[in-house]
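Novice: Below are the structure tokens for one structure; questions will follow.
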Amino acid sequence: LLVQRQMSVVEEDLEEFHLALKQYVESASSQSGCLYVSIQKFSNESRFIVYEFWENSSMWNSHLQMNYSKAFQRSNVDFLETPELTSTILWLHNFTQLWIL
């Protein structure tokens with residue numbers, strides 16, 4: 001499962017957001033079922049895209065219930081200009097097809 005999270009951060013909160021994001025990525029990356037986490041920051045903007053690769057949707061849903069994940073979501077209420085946009089793509093390991101959810 002690929003999870004794409006788009007976030008536009010309030011300029012004044014960038015430093016605090018960076019700390020919260022770093023803690024989130026460290027915690028998520030150490031979870032069973034998390035294959036990889038990557039962050040893209042748009043230059044000259046306070047926009048980020050976080051890509052999370054999970055073994056399956058069940059593992060991702062379990063991750064969403066963890067305290068570190070909930071804490072990151074709560075902090076984003078203050079840090080983000082607009083609500084986070086999340087999309088998921090399910091891929092099948094034995095096929096080359098992608099299914100968009």
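Going through the structure tokens in order, the chains are called A, B, and so on, while each chain numbers its residues from 1 and the ligands are numbered from 1 in the order shown.
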Write down as a VMD selection string the residues belonging to chain A that are assigned helix (DSSP H, G or I) by DSSP computed on the backbone.
Specialist: chain A and resid 11 to 29 57 to 64 67 to 79
Novice: Write out as a list in words the residues lying within 9 Å of Ala20 in chain A, counting only C-alpha atoms and excluding same-chain residues fewer than 2 positions away.
Specialist: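 Non-adjacent residues within range: Glu15, Glu16, Phe17, His18, Lys22, Gln23, Tyr24, Val25, Ala71, Phe72, Ser75 and Asn76 of chain A.
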Novice: Just C-alpha atoms for this one: save the residues we selected as a PDB file, in the first residue's frame.
Specialist:
ATOM      1  CA  GLU A  15      10.575  24.533  12.615  1.00  0.00           C
ATOM      2  CA  GLU A  16       8.111  22.873  14.989  1.00  0.00           C
ATOM      3  CA  PHE A  17       6.578  20.943  12.094  1.00  0.00           C
ATOM      4  CA  HIS A  18      10.029  19.659  11.095  1.00  0.00           C
ATOM      5  CA  LYS A  22      11.061  13.807  12.139  1.00  0.00           C
ATOM      6  CA  GLN A  23       9.652  12.078  15.226  1.00  0.00           C
ATOM      7  CA  TYR A  24       6.737  10.719  13.196  1.00  0.00           C
ATOM      8  CA  VAL A  25       8.982   9.309  10.445  1.00  0.00           C
ATOM      9  CA  ALA A  71       0.078  12.893  18.172  1.00  0.00           C
ATOM     10  CA  PHE A  72       1.305  13.867  14.700  1.00  0.00           C
ATOM     11  CA  SER A  75      -0.033  18.688  15.945  1.00  0.00           C
ATOM     12  CA  ASN A  76      -0.934  19.104  12.281  1.00  0.00           C
TER      13      ASN A  76
END
Novice: Applying 10 Å and only C-alpha atoms, which residues near Ser62 in chain A remain after dropping the ones on its own chain fewer than 6 positions away? List them as a JSON list (two decimals) with N, CA and C atoms, in the first residue's frame.
Specialist:
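That gives us out_8.json:
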[["chain", "number", "residue", "atom", "x", "y", "z"],
["A", 31, "GLN", "N", 8.02, 0.64, 12.68],
["A", 31, "GLN", "CA", 6.85, -0.22, 12.87],
["A", 31, "GLN", "C", 6.88, -1.43, 11.95],
["A", 32, "SER", "N", 6.40, -2.53, 12.46],
["A", 32, "SER", "CA", 6.24, -3.73, 11.65],
["A", 32, "SER", "C", 5.26, -3.41, 10.52],
["A", 33, "GLY", "N", 5.61, -3.78, 9.33],
["A", 33, "GLY", "CA", 4.73, -3.54, 8.19],
["A", 33, "GLY", "C", 5.07, -2.30, 7.41],
["A", 69, "SER", "N", 1.26, 8.33, 15.88],
["A", 69, "SER", "CA", 0.50, 8.75, 14.71],
["A", 69, "SER", "C", -0.60, 9.74, 15.10]]
Novice: Please run DSSP on the backbone and report, as a list in words, all residues within range 9-92 of chain A that come out as strand (DSSP E or B).
Specialist: Val9, Cys34, Leu35, Tyr36, Val37, Ser38, Ile39, Gln40, Lys41, Arg47, Phe48, Ile49, Val50, Tyr51, Glu52, Phe53, Trp54, Leu80, Leu85, Thr86, Ser87, Thr88, Ile89, Leu90 and Trp91 of chain A
Novice: Distance CA of Asn56 in chain A-CA of Phe42 in chain A, one decimal place?
Specialist: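 Those two atoms sit 28.0 Å apart.
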Novice: Suppose you want the space between CA of Glu11 in chain A and CA of Trp60 in chain A; what is it in Å?
Specialist: 29.2 Å
Novice: Would you mind reading off the distance between CA of Asp13 in chain A and CA of Gln65 in chain A, one decimal, in Å?
Specialist: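 Between these atoms lies a distance of 25.1 Å.
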Novice: Excluding same-chain residues fewer than 5 positions from Val3 in chain A, what lies within 12 Å of it counting only C-alpha atoms, as a VMD selection string?
Specialist: chain A and resid 34 to 39 49 to 57 59 to 61 64 85 to 91 100 to 101
Novice: Take the residues just selected and output them with N, CA and C atoms as a PDB file, in the first residue's frame.
Specialist:
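That gives us out-v7.pdb:
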ATOM      1  N   CYS A  34       5.873  -1.404   7.968  1.00  0.00           N
ATOM      2  CA  CYS A  34       6.283  -0.203   7.241  1.00  0.00           C
ATOM      3  C   CYS A  34       7.513  -0.559   6.420  1.00  0.00           C
ATOM      4  N   LEU A  35       7.396  -0.416   5.106  1.00  0.00           N
ATOM      5  CA  LEU A  35       8.486  -0.769   4.215  1.00  0.00           C
ATOM      6  C   LEU A  35       9.435   0.398   3.967  1.00  0.00           C
ATOM      7  N   TYR A  36       8.863   1.616   3.894  1.00  0.00           N
ATOM      8  CA  TYR A  36       9.686   2.772   3.557  1.00  0.00           C
ATOM      9  C   TYR A  36       8.887   4.049   3.752  1.00  0.00           C
ATOM     10  N   VAL A  37       9.556   5.118   4.173  1.00  0.00           N
ATOM     11  CA  VAL A  37       8.942   6.439   4.283  1.00  0.00           C
ATOM     12  C   VAL A  37       9.873   7.437   3.591  1.00  0.00           C
ATOM     13  N   SER A  38       9.308   8.275   2.736  1.00  0.00           N
ATOM     14  CA  SER A  38      10.082   9.271   2.012  1.00  0.00           C
ATOM     15  C   SER A  38       9.376  10.617   2.099  1.00  0.00           C
ATOM     16  N   ILE A  39      10.164  11.689   2.175  1.00  0.00           N
ATOM     17  CA  ILE A  39       9.602  13.038   2.281  1.00  0.00           C
ATOM     18  C   ILE A  39      10.103  13.876   1.115  1.00  0.00           C
ATOM     19  N   ILE A  49       5.254  16.498   0.739  1.00  0.00           N
ATOM     20  CA  ILE A  49       4.548  15.255   0.439  1.00  0.00           C
ATOM     21  C   ILE A  49       5.300  14.145   1.150  1.00  0.00           C
ATOM     22  N   VAL A  50       4.568  13.369   1.926  1.00  0.00           N
ATOM     23  CA  VAL A  50       5.137  12.213   2.617  1.00  0.00           C
ATOM     24  C   VAL A  50       4.591  10.968   1.925  1.00  0.00           C
ATOM     25  N   TYR A  51       5.510  10.102   1.499  1.00  0.00           N
ATOM     26  CA  TYR A  51       5.140   8.824   0.890  1.00  0.00           C
ATOM     27  C   TYR A  51       5.442   7.729   1.901  1.00  0.00           C
ATOM     28  N   GLU A  52       4.436   6.922   2.184  1.00  0.00           N
ATOM     29  CA  GLU A  52       4.606   5.804   3.111  1.00  0.00           C
ATOM     30  C   GLU A  52       4.244   4.522   2.378  1.00  0.00           C
ATOM     31  N   PHE A  53       5.134   3.544   2.434  1.00  0.00           N
ATOM     32  CA  PHE A  53       4.893   2.253   1.808  1.00  0.00           C
ATOM     33  C   PHE A  53       4.662   1.228   2.918  1.00  0.00           C
ATOM     34  N   TRP A  54       3.501   0.593   2.883  1.00  0.00           N
ATOM     35  CA  TRP A  54       3.114  -0.384   3.905  1.00  0.00           C
ATOM     36  C   TRP A  54       2.853  -1.740   3.258  1.00  0.00           C
ATOM     37  N   GLU A  55       3.086  -2.792   4.016  1.00  0.00           N
ATOM     38  CA  GLU A  55       2.860  -4.147   3.496  1.00  0.00           C
ATOM     39  C   GLU A  55       1.424  -4.337   3.035  1.00  0.00           C
ATOM     40  N   ASN A  56       0.483  -3.782   3.786  1.00  0.00           N
ATOM     41  CA  ASN A  56      -0.931  -3.899   3.415  1.00  0.00           C
ATOM     42  C   ASN A  56      -1.742  -2.852   4.177  1.00  0.00           C
ATOM     43  N   SER A  57      -3.004  -2.726   3.837  1.00  0.00           N
ATOM     44  CA  SER A  57      -3.845  -1.699   4.454  1.00  0.00           C
ATOM     45  C   SER A  57      -4.117  -1.984   5.926  1.00  0.00           C
ATOM     46  N   MET A  59      -1.945  -3.180   8.096  1.00  0.00           N
ATOM     47  CA  MET A  59      -0.785  -2.652   8.827  1.00  0.00           C
ATOM     48  C   MET A  59      -0.863  -1.132   8.940  1.00  0.00           C
ATOM     49  N   TRP A  60      -1.273  -0.486   7.863  1.00  0.00           N
ATOM     50  CA  TRP A  60      -1.391   0.976   7.875  1.00  0.00           C
ATOM     51  C   TRP A  60      -2.479   1.416   8.850  1.00  0.00           C
ATOM     52  N   ASN A  61      -3.621   0.717   8.838  1.00  0.00           N
ATOM     53  CA  ASN A  61      -4.705   1.057   9.764  1.00  0.00           C
ATOM     54  C   ASN A  61      -4.273   0.875  11.215  1.00  0.00           C
ATOM     55  N   LEU A  64      -2.202   3.842  12.208  1.00  0.00           N
ATOM     56  CA  LEU A  64      -3.006   5.047  12.462  1.00  0.00           C
ATOM     57  C   LEU A  64      -3.525   5.115  13.892  1.00  0.00           C
ATOM     58  N   LEU A  85      -4.160  16.338   2.745  1.00  0.00           N
ATOM     59  CA  LEU A  85      -4.795  15.553   1.683  1.00  0.00           C
ATOM     60  C   LEU A  85      -4.093  14.203   1.623  1.00  0.00           C
ATOM     61  N   THR A  86      -4.840  13.136   1.858  1.00  0.00           N
ATOM     62  CA  THR A  86      -4.277  11.793   1.875  1.00  0.00           C
ATOM     63  C   THR A  86      -4.897  10.954   0.771  1.00  0.00           C
ATOM     64  N   SER A  87      -4.053  10.251   0.039  1.00  0.00           N
ATOM     65  CA  SER A  87      -4.548   9.306  -0.957  1.00  0.00           C
ATOM     66  C   SER A  87      -3.761   8.010  -0.824  1.00  0.00           C
ATOM     67  N   THR A  88      -4.374   6.913  -1.241  1.00  0.00           N
ATOM     68  CA  THR A  88      -3.723   5.611  -1.153  1.00  0.00           C
ATOM     69  C   THR A  88      -3.784   4.920  -2.498  1.00  0.00           C
ATOM     70  N   ILE A  89      -2.761   4.132  -2.755  1.00  0.00           N
ATOM     71  CA  ILE A  89      -2.711   3.310  -3.958  1.00  0.00           C
ATOM     72  C   ILE A  89      -2.334   1.902  -3.519  1.00  0.00           C
ATOM     73  N   LEU A  90      -3.149   0.963  -3.896  1.00  0.00           N
ATOM     74  CA  LEU A  90      -2.898  -0.431  -3.560  1.00  0.00           C
ATOM     75  C   LEU A  90      -2.238  -1.095  -4.759  1.00  0.00           C
ATOM     76  N   TRP A  91      -1.086  -1.720  -4.542  1.00  0.00           N
ATOM     77  CA  TRP A  91      -0.463  -2.441  -5.634  1.00  0.00           C
ATOM     78  C   TRP A  91      -0.407  -3.905  -5.269  1.00  0.00           C
ATOM     79  N   ILE A 100      -6.294   2.248  -7.727  1.00  0.00           N
ATOM     80  CA  ILE A 100      -6.404   3.484  -6.961  1.00  0.00           C
ATOM     81  C   ILE A 100      -7.655   3.422  -6.110  1.00  0.00           C
ATOM     82  N   LEU A 101      -7.471   3.657  -4.811  1.00  0.00           N
ATOM     83  CA  LEU A 101      -8.607   3.630  -3.873  1.00  0.00           C
ATOM     84  C   LEU A 101      -9.126   5.014  -3.644  1.00  0.00           C
TER      85      LEU A 101
END
